[in-house]
Amino acid sequence: MAAAEGGGGGGGARPDATVQRAELGPLLATALRPGESWYLVDSRWFKQWKKYVGFDSWDMFGAGDPGLFPGPIDNSGLFGDPETQILKEHLIDELDYVLVPTEAWNKLVTWYGCIDGQQPIVRKVVEYGLFVKHYKVEVYLLELKLCESSDPDNVISCHFSKADTVATIEKEMRKLFNIPDEKETRLWNRYMSNTHEQLSKLDSTVQDAGLYQGQVVLIEVKNEDGTWPGQQFLAKGSGFVCNSYNCRDNASLSQPGLCGLSNLGNTCFMNSALQCLSNTPPLTDYFLEDKYEAEINQNNPLGMRGEIAEAYAELIKQIWSGRQSYVAPRMFKTQVGRFAPQFSGYQQQDSQELLAFLLDGLHEDLNRVKKKPYLELKDANGRPDSEVAKEAWENHRLRNDSIIVDIFHGLFKSTLVCPKCSKVSVTFDPFCYLTLPLPLRRDRLMEVTLVYADPQRRPMQYRVVVPMMGAISDLCESLSRLSGVSAENMVVTDVYNHRFHKIFQMDEGLNHIMPKDDIFVYEVCKPSEDGSEYITLSVYFREKTVRQSSNTSGTVLFGQPLLISVPKHKLTVDHLYSVILEQISRYVKLPLGEEYSPPCPDKGTCSRSNGVVEGDVEEMEHQDGGQEGKEKLAEVDPCHSEGCMQIESARDPQPCKKQHFTFSLVNSSGTSEINSIVEGKLLKLNVFSALAVDWDSDTRRLLYDEQEAQAFEKHGSMAQPQKKKAVVALRDCIELFTTMETLGEHDPWYCPNCKKHQQATKKFDLWSLPRILVVHLKRFSYSRYWRDKLDTVVEFPIRGLNMSEFVCDPRAGSYVYDLIAVSNHYGAMGVGHYTAYAKNKVNDKWYYFDDSSVSVASEDQIVTKAAYVLFYQRRNSEEHSAPSPPQEECDGMDTN
């Protein structure tokens, strides 16, 4: 366990803040280089170090804050399991951890040490992409399940880097299964327990070989007679790989197009997008009829040398062959990853982002324009819309002419009006899909724990409704209505690892609070009968420990911190002792005969420096992964504590009484203390002060009721069913998209008349729509502090979507569409699962595509809150589009 200052695992002489900044600054700006090692550091510890040495940009003088000593490096907040020290899932760079190069890590360890028992989290830099080089630190290693072909049920899990080679896997498997070097072996991938593919290229990297999370790899040892035993394990109803795709041949042929796509490890986003495109008739017919071959543009610098088009064509032919019930799109995924490195790993991605990349990639690979002319854009200058639109579309087609433009491209009209000189600017821009905003929620639910001033009341958990863009004061008002506690007496805190990570001011925004934060609201009494001035102090609980190795003592934080109010004229060690004893009396069991007497801090035990208000501990343990005893270092708001003075109160002013803990005046993270204070005098404390209550281990063990300390109540609001979400019509989203808005102050428009930037009004309109209209519902929102998914149900028609009223070209024909496919997203942002509904062009029936599974669907299943991207096809009988490709190009591509 770590000592309070200096910590465990090292921590030598530290240079001053200026030297630390100068030495680490250049190292932290180092570029990533393949093969190098970088280390993960919990961002809360790192942020506190930055404040301590004055590393932040706001610290003009680089003075730092000596009261924020960060203590030993503590990564416990990154571990899902403290014993195995396996990382939590879905950690986010910069938000949860920061990456530092080896030299920077070594310096930090030399200066501060590490928490005892914690292994450094070291990861390699790997290279992604073939043409677009892209480096990143591989935070999550790939887990492969290894077994022998002779004993496929004995599976051993091992972790590998994507930069490791197949030879590395083979070497590890030989070691695990005691296979002698002289024995000849083969490696096999196993899919869906019935299909195998040989891993023949030993110099291939894990990434290039297309291995994914959880992939089963078998090792086969050659028989003494020179034969391979594979015939047995491969014959058990399994198939081999056909072409570059793994597929299963059914005895009875599948219906063309009803072919699942195997999940290659978090690739459901890709499978969902591909099934939607596969069920887009004009595009699929184009590939099935081999029309793409004559149009591949291998010299387009914006394209992918035709490789994306060819890989997509091969996949579509597999899907529509009618020979397989599913295929594994490994070659297609590999090709996409070569050109778009963001899709090359096995993290969850966004089906719409892949779709956008794919449509753009196919367009450039199949662009009929071999040499793009340079075109100057002309301003509308009052000319008729029809003339400007025709010119814009013709210019677009001079540089972009492909099957994708024929099918998917439409035209926006964008109107900007200057608020000062009323200058009107009209432009027409092509689009490939419509991204529609959803009406935003106006409020959000938050779960908070209220810690009452009455020490005998257990803390209570509440679920409160607060304005989405509200302030801390709104949270207090909402909680006050449910609890009856005055909002004025509330202090809102973010508790992390037994400390106050942040104490919020009433005017701070709620957008600073993320869903994973543990928010505790303390009722702090501010009595004013005698008009005396009260001061609110932070109180931390620490257990004194002795290190066997060095025989030095240290402290470890535990439990839930307290906020207490004390009259300024009573700020004595004596009075504080009695106040704290009373605060923890519910879960500290004193020996018989001892009482809580306010005048004199009797032996009032305070079992193990607890301070843990019940429910709070449970929350803390939930967050810390159950490591109640380990000291954790967090970024702490500088609003608490400056000086660090020891208050030696072991000698009680009234020697007749036994005291069960001592006080220290500490910094806001409870890690450092300086100076002692003479007893019996008024302590010079202020609102920035934090006290530590230090216990010895025996006292804590004897007097502290762990179970009661962790107990908390749940308010009725926690049990109430969530109110039903409002339903939004698709036309509401379209109207919102075409509504006039004023540009923000950070996004002004340069007015050519005024010769300056203005907050103009902006309006989008639809001028012409494509044959296949792709509608992207903008369900995900991002900000610096907040990532959210809107799970509003959007009602959209299965057939007969009439877009005519939204098209502003007066000469446009009728735009009526029928739904042909939907990409769905289930779950929260950054995780979850993608599936698709699609209508088969052969039999006009709906099907549900969930990775390798395909099942019949009915129309009443399609409209759900999971709908994310919609594909509509324009009715042929009313086919008319005002700027459109020449008619002869369109004919023959329409189906249905």
# chains A, B, ... in the order shown; residues from 1 in each chain; ligands from 1
>>> residues_around(residues="A:Ala760", least_positions_apart="6", cutoff="8 Å", atoms="only C-alpha atoms", output="list in words")
Leu416, Val417, Cys418, Pro419, Thr742, Leu743, Pro748 and Trp749 of chain A
>>> write_last_selection(atoms="N, CA, C and O atoms", output="PDB file, in the first residue's frame")
ATOM      1  N   LEU A 416     -28.087  32.203 -47.367  1.00  0.00           N
ATOM      2  CA  LEU A 416     -27.547  32.975 -46.238  1.00  0.00           C
ATOM      3  C   LEU A 416     -27.973  34.433 -46.401  1.00  0.00           C
ATOM      4  O   LEU A 416     -27.894  34.986 -47.502  1.00  0.00           O
ATOM      5  N   VAL A 417     -28.426  35.038 -45.309  1.00  0.00           N
ATOM      6  CA  VAL A 417     -28.845  36.442 -45.359  1.00  0.00           C
ATOM      7  C   VAL A 417     -28.087  37.218 -44.294  1.00  0.00           C
ATOM      8  O   VAL A 417     -28.091  36.850 -43.114  1.00  0.00           O
ATOM      9  N   CYS A 418     -27.422  38.315 -44.715  1.00  0.00           N
ATOM     10  CA  CYS A 418     -26.669  39.145 -43.779  1.00  0.00           C
ATOM     11  C   CYS A 418     -27.639  39.972 -42.936  1.00  0.00           C
ATOM     12  O   CYS A 418     -28.533  40.644 -43.492  1.00  0.00           O
ATOM     13  N   PRO A 419     -27.501  39.968 -41.615  1.00  0.00           N
ATOM     14  CA  PRO A 419     -28.433  40.716 -40.767  1.00  0.00           C
ATOM     15  C   PRO A 419     -28.250  42.229 -40.857  1.00  0.00           C
ATOM     16  O   PRO A 419     -29.141  42.989 -40.502  1.00  0.00           O
ATOM     17  N   THR A 742     -29.992  31.008 -37.007  1.00  0.00           N
ATOM     18  CA  THR A 742     -28.960  32.042 -36.983  1.00  0.00           C
ATOM     19  C   THR A 742     -27.636  31.386 -36.634  1.00  0.00           C
ATOM     20  O   THR A 742     -27.561  30.587 -35.698  1.00  0.00           O
ATOM     21  N   LEU A 743     -26.612  31.696 -37.404  1.00  0.00           N
ATOM     22  CA  LEU A 743     -25.297  31.101 -37.149  1.00  0.00           C
ATOM     23  C   LEU A 743     -24.772  31.528 -35.784  1.00  0.00           C
ATOM     24  O   LEU A 743     -25.002  32.652 -35.339  1.00  0.00           O
ATOM     25  N   PRO A 748     -19.391  32.339 -37.783  1.00  0.00           N
ATOM     26  CA  PRO A 748     -19.989  33.431 -38.570  1.00  0.00           C
ATOM     27  C   PRO A 748     -19.740  33.249 -40.067  1.00  0.00           C
ATOM     28  O   PRO A 748     -18.934  32.414 -40.483  1.00  0.00           O
ATOM     29  N   TRP A 749     -20.449  34.044 -40.860  1.00  0.00           N
ATOM     30  CA  TRP A 749     -20.304  34.016 -42.323  1.00  0.00           C
ATOM     31  C   TRP A 749     -19.670  35.328 -42.759  1.00  0.00           C
ATOM     32  O   TRP A 749     -20.008  36.408 -42.258  1.00  0.00           O
TER      33      TRP A 749
END
>>> residues_around(residues="A:Leu211", least_positions_apart="4", cutoff="12 Å", atoms="only C-alpha atoms", output="compact mmCIF listing (two decimals) with all heavy atoms, in the first residue's frame")
# COMPACT_ATOMS: atom_id res chain seq x y z
N LEU A 141 -5.41 -5.26 -26.32
CA LEU A 141 -4.84 -6.37 -27.07
C LEU A 141 -5.96 -7.31 -27.51
O LEU A 141 -7.06 -7.29 -26.97
CB LEU A 141 -3.84 -7.12 -26.20
CG LEU A 141 -2.63 -6.30 -25.75
CD1 LEU A 141 -1.77 -7.10 -24.79
CD2 LEU A 141 -1.80 -5.83 -26.93
N LEU A 142 -5.65 -8.13 -28.50
CA LEU A 142 -6.64 -9.05 -29.06
C LEU A 142 -6.58 -10.38 -28.31
O LEU A 142 -5.50 -10.94 -28.13
CB LEU A 142 -6.28 -9.27 -30.53
CG LEU A 142 -7.39 -9.67 -31.48
CD1 LEU A 142 -8.43 -8.59 -31.56
CD2 LEU A 142 -6.80 -9.93 -32.85
N GLU A 143 -7.73 -10.85 -27.86
CA GLU A 143 -7.77 -12.14 -27.18
C GLU A 143 -8.08 -13.23 -28.20
O GLU A 143 -9.09 -13.17 -28.90
CB GLU A 143 -8.85 -12.15 -26.09
CG GLU A 143 -8.90 -13.46 -25.33
CD GLU A 143 -10.06 -13.54 -24.36
OE1 GLU A 143 -10.99 -12.72 -24.46
OE2 GLU A 143 -10.04 -14.43 -23.49
N LEU A 144 -7.18 -14.22 -28.30
CA LEU A 144 -7.41 -15.37 -29.18
C LEU A 144 -7.59 -16.62 -28.31
O LEU A 144 -6.97 -16.74 -27.25
CB LEU A 144 -6.22 -15.58 -30.13
CG LEU A 144 -5.91 -14.43 -31.10
CD1 LEU A 144 -4.71 -14.78 -31.97
CD2 LEU A 144 -7.11 -14.10 -31.97
N LYS A 145 -8.44 -17.51 -28.76
CA LYS A 145 -8.67 -18.76 -28.04
C LYS A 145 -7.91 -19.87 -28.76
O LYS A 145 -8.20 -20.17 -29.92
CB LYS A 145 -10.17 -19.05 -27.96
CG LYS A 145 -10.93 -17.96 -27.19
CD LYS A 145 -12.39 -18.30 -27.04
CE LYS A 145 -13.15 -17.17 -26.36
NZ LYS A 145 -12.68 -16.87 -25.01
N HIS A 159 -3.46 -13.23 -25.12
CA HIS A 159 -3.59 -11.90 -25.73
C HIS A 159 -2.40 -11.62 -26.65
O HIS A 159 -1.25 -11.90 -26.29
CB HIS A 159 -3.68 -10.83 -24.64
CG HIS A 159 -4.98 -10.85 -23.91
ND1 HIS A 159 -5.22 -11.67 -22.83
CD2 HIS A 159 -6.14 -10.16 -24.12
CE1 HIS A 159 -6.45 -11.50 -22.41
NE2 HIS A 159 -7.03 -10.59 -23.16
N PHE A 160 -2.71 -11.05 -27.82
CA PHE A 160 -1.67 -10.72 -28.80
C PHE A 160 -1.89 -9.30 -29.32
O PHE A 160 -3.02 -8.81 -29.37
CB PHE A 160 -1.72 -11.69 -29.99
CG PHE A 160 -1.38 -13.11 -29.62
CD1 PHE A 160 -2.39 -14.00 -29.27
CD2 PHE A 160 -0.07 -13.54 -29.62
CE1 PHE A 160 -2.09 -15.31 -28.92
CE2 PHE A 160 0.24 -14.86 -29.28
CZ PHE A 160 -0.77 -15.74 -28.92
N SER A 161 -0.77 -8.70 -29.76
CA SER A 161 -0.86 -7.41 -30.43
C SER A 161 -1.24 -7.65 -31.89
O SER A 161 -0.90 -8.70 -32.46
CB SER A 161 0.48 -6.69 -30.37
OG SER A 161 0.53 -5.65 -31.32
N LYS A 162 -1.91 -6.68 -32.49
CA LYS A 162 -2.26 -6.81 -33.92
C LYS A 162 -0.99 -6.75 -34.78
O LYS A 162 -1.03 -7.09 -35.95
CB LYS A 162 -3.24 -5.72 -34.32
CG LYS A 162 -4.57 -5.83 -33.60
CD LYS A 162 -5.56 -4.77 -34.09
CE LYS A 162 -6.81 -4.77 -33.22
NZ LYS A 162 -6.63 -4.07 -31.95
N ALA A 163 0.11 -6.29 -34.19
CA ALA A 163 1.37 -6.22 -34.93
C ALA A 163 2.16 -7.53 -34.81
O ALA A 163 3.13 -7.74 -35.52
CB ALA A 163 2.22 -5.07 -34.40
N ASP A 164 1.73 -8.43 -33.91
CA ASP A 164 2.38 -9.75 -33.82
C ASP A 164 2.15 -10.53 -35.11
O ASP A 164 1.14 -10.33 -35.79
CB ASP A 164 1.81 -10.55 -32.63
CG ASP A 164 2.30 -10.04 -31.29
OD1 ASP A 164 3.37 -9.38 -31.26
OD2 ASP A 164 1.64 -10.29 -30.27
N THR A 165 3.04 -11.47 -35.40
CA THR A 165 2.86 -12.28 -36.61
C THR A 165 2.21 -13.61 -36.25
O THR A 165 2.15 -14.01 -35.08
CB THR A 165 4.21 -12.54 -37.28
OG1 THR A 165 5.03 -13.27 -36.36
CG2 THR A 165 4.90 -11.25 -37.68
N VAL A 166 1.75 -14.29 -37.31
CA VAL A 166 1.18 -15.63 -37.12
C VAL A 166 2.25 -16.56 -36.54
O VAL A 166 1.95 -17.45 -35.74
CB VAL A 166 0.63 -16.18 -38.47
CG1 VAL A 166 0.19 -17.63 -38.33
CG2 VAL A 166 -0.53 -15.30 -38.95
N ILE A 169 2.19 -16.48 -32.85
CA ILE A 169 1.09 -17.29 -32.31
C ILE A 169 1.50 -18.76 -32.29
O ILE A 169 1.30 -19.47 -31.31
CB ILE A 169 -0.20 -17.10 -33.13
CG1 ILE A 169 -0.64 -15.63 -33.12
CG2 ILE A 169 -1.32 -18.00 -32.62
CD1 ILE A 169 -1.81 -15.32 -34.02
N TRP A 188 -4.95 -23.26 -38.01
CA TRP A 188 -6.26 -23.08 -38.66
C TRP A 188 -7.12 -22.09 -37.87
O TRP A 188 -7.12 -22.11 -36.64
CB TRP A 188 -7.03 -24.42 -38.71
CG TRP A 188 -6.39 -25.47 -39.56
CD1 TRP A 188 -5.40 -26.33 -39.19
CD2 TRP A 188 -6.72 -25.78 -40.92
NE1 TRP A 188 -5.07 -27.16 -40.24
CE2 TRP A 188 -5.87 -26.85 -41.32
CE3 TRP A 188 -7.64 -25.27 -41.83
CZ2 TRP A 188 -5.92 -27.40 -42.59
CZ3 TRP A 188 -7.69 -25.83 -43.10
CH2 TRP A 188 -6.84 -26.89 -43.48
N ASN A 189 -7.81 -21.23 -38.60
CA ASN A 189 -8.90 -20.44 -38.00
C ASN A 189 -10.13 -21.33 -37.92
O ASN A 189 -10.39 -22.10 -38.84
CB ASN A 189 -9.32 -19.28 -38.93
CG ASN A 189 -8.42 -18.10 -38.74
OD1 ASN A 189 -7.77 -17.97 -37.72
ND2 ASN A 189 -8.39 -17.21 -39.73
N ARG A 190 -10.92 -21.17 -36.87
CA ARG A 190 -12.19 -21.88 -36.85
C ARG A 190 -13.31 -20.86 -36.72
O ARG A 190 -13.29 -20.01 -35.84
CB ARG A 190 -12.27 -22.86 -35.67
CG ARG A 190 -13.52 -23.73 -35.74
CD ARG A 190 -13.53 -24.78 -34.64
NE ARG A 190 -13.92 -24.20 -33.37
CZ ARG A 190 -13.68 -24.78 -32.20
NH1 ARG A 190 -13.03 -25.94 -32.15
NH2 ARG A 190 -14.08 -24.21 -31.08
N TYR A 191 -14.28 -20.92 -37.65
CA TYR A 191 -15.43 -20.02 -37.63
C TYR A 191 -16.68 -20.81 -37.27
O TYR A 191 -16.89 -21.91 -37.78
CB TYR A 191 -15.68 -19.40 -39.01
CG TYR A 191 -14.54 -18.58 -39.53
CD1 TYR A 191 -13.68 -19.09 -40.47
CD2 TYR A 191 -14.34 -17.28 -39.08
CE1 TYR A 191 -12.63 -18.35 -40.97
CE2 TYR A 191 -13.30 -16.52 -39.57
CZ TYR A 191 -12.45 -17.06 -40.51
OH TYR A 191 -11.42 -16.31 -40.99
N GLU A 197 -10.16 -22.35 -41.85
CA GLU A 197 -9.32 -21.73 -42.89
C GLU A 197 -7.88 -21.79 -42.42
O GLU A 197 -7.58 -21.45 -41.26
CB GLU A 197 -9.74 -20.28 -43.10
CG GLU A 197 -8.86 -19.57 -44.11
CD GLU A 197 -9.11 -18.07 -44.14
OE1 GLU A 197 -9.54 -17.52 -43.11
OE2 GLU A 197 -8.88 -17.46 -45.18
N GLN A 198 -7.01 -22.21 -43.28
CA GLN A 198 -5.61 -22.35 -42.88
C GLN A 198 -4.91 -21.00 -42.81
O GLN A 198 -5.11 -20.13 -43.67
CB GLN A 198 -4.86 -23.27 -43.84
CG GLN A 198 -3.46 -23.62 -43.32
CD GLN A 198 -2.72 -24.57 -44.24
OE1 GLN A 198 -3.30 -25.12 -45.16
NE2 GLN A 198 -1.44 -24.76 -43.99
N LEU A 199 -4.11 -20.80 -41.76
CA LEU A 199 -3.26 -19.62 -41.63
C LEU A 199 -1.88 -20.01 -42.16
O LEU A 199 -1.02 -20.47 -41.41
CB LEU A 199 -3.17 -19.18 -40.16
CG LEU A 199 -4.43 -18.57 -39.56
CD1 LEU A 199 -4.32 -18.50 -38.05
CD2 LEU A 199 -4.68 -17.18 -40.12
N SER A 204 2.59 -13.07 -41.84
CA SER A 204 1.44 -12.15 -41.80
C SER A 204 1.23 -11.64 -40.39
O SER A 204 1.39 -12.40 -39.43
CB SER A 204 0.17 -12.92 -42.20
OG SER A 204 -0.30 -12.47 -43.44
N THR A 205 0.86 -10.37 -40.24
CA THR A 205 0.53 -9.87 -38.90
C THR A 205 -0.87 -10.35 -38.52
O THR A 205 -1.66 -10.75 -39.39
CB THR A 205 0.55 -8.33 -38.83
OG1 THR A 205 -0.47 -7.82 -39.70
CG2 THR A 205 1.90 -7.78 -39.24
N VAL A 206 -1.15 -10.29 -37.24
CA VAL A 206 -2.49 -10.66 -36.75
C VAL A 206 -3.55 -9.84 -37.47
O VAL A 206 -4.61 -10.34 -37.85
CB VAL A 206 -2.55 -10.46 -35.22
CG1 VAL A 206 -3.98 -10.51 -34.72
CG2 VAL A 206 -1.69 -11.48 -34.50
N GLN A 207 -3.23 -8.54 -37.67
CA GLN A 207 -4.20 -7.67 -38.34
C GLN A 207 -4.41 -8.07 -39.80
O GLN A 207 -5.54 -8.19 -40.27
CB GLN A 207 -3.71 -6.23 -38.27
CG GLN A 207 -4.65 -5.26 -38.98
CD GLN A 207 -4.28 -3.83 -38.67
OE1 GLN A 207 -4.27 -3.43 -37.53
NE2 GLN A 207 -3.97 -3.06 -39.69
N GLN A 215 -11.39 -15.04 -31.64
CA GLN A 215 -11.17 -16.00 -32.73
C GLN A 215 -10.55 -17.29 -32.17
O GLN A 215 -9.64 -17.25 -31.35
CB GLN A 215 -10.22 -15.39 -33.75
CG GLN A 215 -9.69 -16.36 -34.79
CD GLN A 215 -10.64 -16.52 -35.95
OE1 GLN A 215 -10.93 -15.56 -36.64
NE2 GLN A 215 -11.14 -17.71 -36.16
N VAL A 216 -11.06 -18.44 -32.63
CA VAL A 216 -10.49 -19.72 -32.23
C VAL A 216 -9.42 -20.12 -33.25
O VAL A 216 -9.66 -20.11 -34.45
CB VAL A 216 -11.59 -20.82 -32.17
CG1 VAL A 216 -10.97 -22.17 -31.81
CG2 VAL A 216 -12.66 -20.44 -31.15
N VAL A 217 -8.22 -20.43 -32.74
CA VAL A 217 -7.11 -20.87 -33.61
C VAL A 217 -6.69 -22.27 -33.16
O VAL A 217 -6.41 -22.50 -31.98
CB VAL A 217 -5.92 -19.89 -33.53
CG1 VAL A 217 -4.76 -20.38 -34.39
CG2 VAL A 217 -6.34 -18.49 -33.96
N ASN A 263 -19.78 -12.01 -38.24
CA ASN A 263 -19.19 -10.92 -37.46
C ASN A 263 -17.72 -11.26 -37.24
O ASN A 263 -17.37 -12.25 -36.62
CB ASN A 263 -19.92 -10.81 -36.11
CG ASN A 263 -19.53 -9.54 -35.37
OD1 ASN A 263 -18.38 -9.12 -35.40
ND2 ASN A 263 -20.49 -8.93 -34.70
N LEU A 264 -16.84 -10.40 -37.76
CA LEU A 264 -15.40 -10.64 -37.65
C LEU A 264 -14.81 -9.98 -36.41
O LEU A 264 -13.64 -9.63 -36.38
CB LEU A 264 -14.68 -10.12 -38.91
CG LEU A 264 -15.21 -10.68 -40.23
CD1 LEU A 264 -14.46 -10.08 -41.40
CD2 LEU A 264 -15.10 -12.19 -40.24
N GLY A 265 -15.66 -9.75 -35.41
CA GLY A 265 -15.19 -9.07 -34.20
C GLY A 265 -15.58 -7.61 -34.26
O GLY A 265 -14.89 -6.80 -34.85
N ASN A 266 -16.74 -7.28 -33.67
CA ASN A 266 -17.25 -5.90 -33.66
C ASN A 266 -17.47 -5.33 -35.06
O ASN A 266 -17.32 -4.13 -35.28
CB ASN A 266 -16.30 -4.97 -32.90
CG ASN A 266 -16.54 -5.02 -31.41
OD1 ASN A 266 -17.65 -5.36 -30.97
ND2 ASN A 266 -15.55 -4.68 -30.63
N ALA A 328 -18.18 -14.71 -44.89
CA ALA A 328 -17.38 -13.87 -43.98
C ALA A 328 -16.65 -12.84 -44.82
O ALA A 328 -15.76 -13.19 -45.60
CB ALA A 328 -16.39 -14.74 -43.21
N ARG A 330 -14.15 -11.04 -45.01
CA ARG A 330 -12.83 -10.70 -44.49
C ARG A 330 -12.00 -9.90 -45.48
O ARG A 330 -11.34 -8.93 -45.13
CB ARG A 330 -12.09 -11.97 -44.07
CG ARG A 330 -12.72 -12.62 -42.85
CD ARG A 330 -11.98 -13.85 -42.39
NE ARG A 330 -10.60 -13.52 -42.09
CZ ARG A 330 -9.57 -14.04 -42.78
NH1 ARG A 330 -9.80 -14.87 -43.77
NH2 ARG A 330 -8.35 -13.72 -42.47
N MET A 331 -12.02 -10.31 -46.76
CA MET A 331 -11.22 -9.61 -47.76
C MET A 331 -11.73 -8.18 -47.94
O MET A 331 -10.95 -7.24 -48.07
CB MET A 331 -11.25 -10.36 -49.10
CG MET A 331 -10.29 -9.79 -50.13
SD MET A 331 -8.60 -9.75 -49.51
CE MET A 331 -8.21 -11.49 -49.48
N LYS A 333 -13.27 -6.37 -45.69
CA LYS A 333 -12.88 -5.59 -44.50
C LYS A 333 -11.41 -5.19 -44.56
O LYS A 333 -11.04 -4.07 -44.22
CB LYS A 333 -13.14 -6.41 -43.23
CG LYS A 333 -12.77 -5.64 -41.97
CD LYS A 333 -12.90 -6.48 -40.73
CE LYS A 333 -12.59 -5.64 -39.52
NZ LYS A 333 -11.24 -5.06 -39.52
N THR A 334 -10.57 -6.14 -45.01
CA THR A 334 -9.14 -5.84 -45.13
C THR A 334 -8.91 -4.69 -46.11
O THR A 334 -8.13 -3.78 -45.85
CB THR A 334 -8.37 -7.09 -45.60
OG1 THR A 334 -8.61 -8.14 -44.64
CG2 THR A 334 -6.89 -6.83 -45.68
N SER A 344 -9.98 -0.28 -39.61
CA SER A 344 -9.14 -1.46 -39.75
C SER A 344 -9.08 -2.30 -38.49
O SER A 344 -8.77 -3.47 -38.54
CB SER A 344 -7.72 -1.06 -40.16
OG SER A 344 -7.12 -0.35 -39.10
N GLY A 345 -9.35 -1.71 -37.35
CA GLY A 345 -9.28 -2.47 -36.10
C GLY A 345 -10.55 -3.26 -35.87
O GLY A 345 -11.33 -3.52 -36.78
N TYR A 346 -10.77 -3.60 -34.62
CA TYR A 346 -11.95 -4.38 -34.28
C TYR A 346 -12.77 -3.67 -33.20
O TYR A 346 -13.47 -4.29 -32.43
CB TYR A 346 -11.54 -5.80 -33.85
CG TYR A 346 -10.90 -6.53 -35.00
CD1 TYR A 346 -9.53 -6.49 -35.21
CD2 TYR A 346 -11.68 -7.21 -35.93
CE1 TYR A 346 -8.95 -7.12 -36.29
CE2 TYR A 346 -11.11 -7.86 -37.02
CZ TYR A 346 -9.75 -7.80 -37.19
OH TYR A 346 -9.18 -8.43 -38.27
>>> closest_residue(among="A:Ala867, A:Cys259, A:Val492, A:Ala729", to="A:Leu801", atoms="only C-alpha atoms")
A:Ala729
>>> select_by_dssp(residues="stretch 223-463 of chain A", states="strand (DSSP E or B)", output="ChimeraX atom specification")
/A:239,241-242,245-249,260-261,324-328,410-417,424-431,434-437,443-451,460-463
>>> atom_distance(atom1="atom CA of A:Lys845", atom2="atom CA of A:Tyr826")
23.3 Å
>>> closest_residue(among="A:Ser804, A:Thr267, A:Ser325, A:Ser150", to="A:Ser853", atoms="only C-alpha atoms")
A:Ser325
>>> select_by_dssp(residues="stretch 339-450 of chain A", states="alpha helix (DSSP H)", output="PyMOL selection string")
chain A and resi 339+351-365+385-399+403-408
>>> closest_residue(among="A:Asn843, A:Thr864, A:Thr738, A:Gln710", to="A:Phe796", atoms="only C-alpha atoms")
A:Thr864
>>> closest_residue(among="A:Leu359, A:Leu665, A:Ile862, A:Leu28", to="A:Trp105", atoms="only C-alpha atoms")
A:Leu28
>>> residues_around(residues="A:Glu364", least_positions_apart="5", cutoff="10 Å", atoms="only C-alpha atoms", output="list in words")
Ile296, Asn297, Gln298, Asn299, Asn300, Pro301, Leu302, Gly303, Met304, Arg305, Gly306, Ile308, Ala309, Leu358, Leu359, Val369, Asn400, Asp401, Ser402 and Ile404 of chain A
>>> residues_around(residues="A:Ile219", least_positions_apart="3", cutoff="10 Å", atoms="only C-alpha atoms", output="list in words")
Leu146, Cys147, Glu148, Ser149, Ser150, Asp151, Pro152, Ile169, Glu170, Met173, Arg174, Phe177, Ile179, Thr185, Arg186, Leu187, Trp188, Asn189, Gln198, Leu199 and Lys222 of chain A
>>> residues_around(residues="A:Val19", least_positions_apart="4", cutoff="12 Å", atoms="only C-alpha atoms", output="list in words")
Arg14, Pro15, Glu23, Leu24, Gly25, Pro26, Val53, Gly54, Phe55, Gly62, Ala63, Lys107 and Trp111 of chain A
>>> residues_around(residues="A:Ala719", least_positions_apart="6", cutoff="12 Å", atoms="only C-alpha atoms", output="PyMOL selection string")
chain A and resi 447+461-464+713
>>> closest_residue(among="A:Ala821, A:Val693, A:Val451, A:Met468", to="A:Lys544", atoms="only C-alpha atoms")
A:Val693
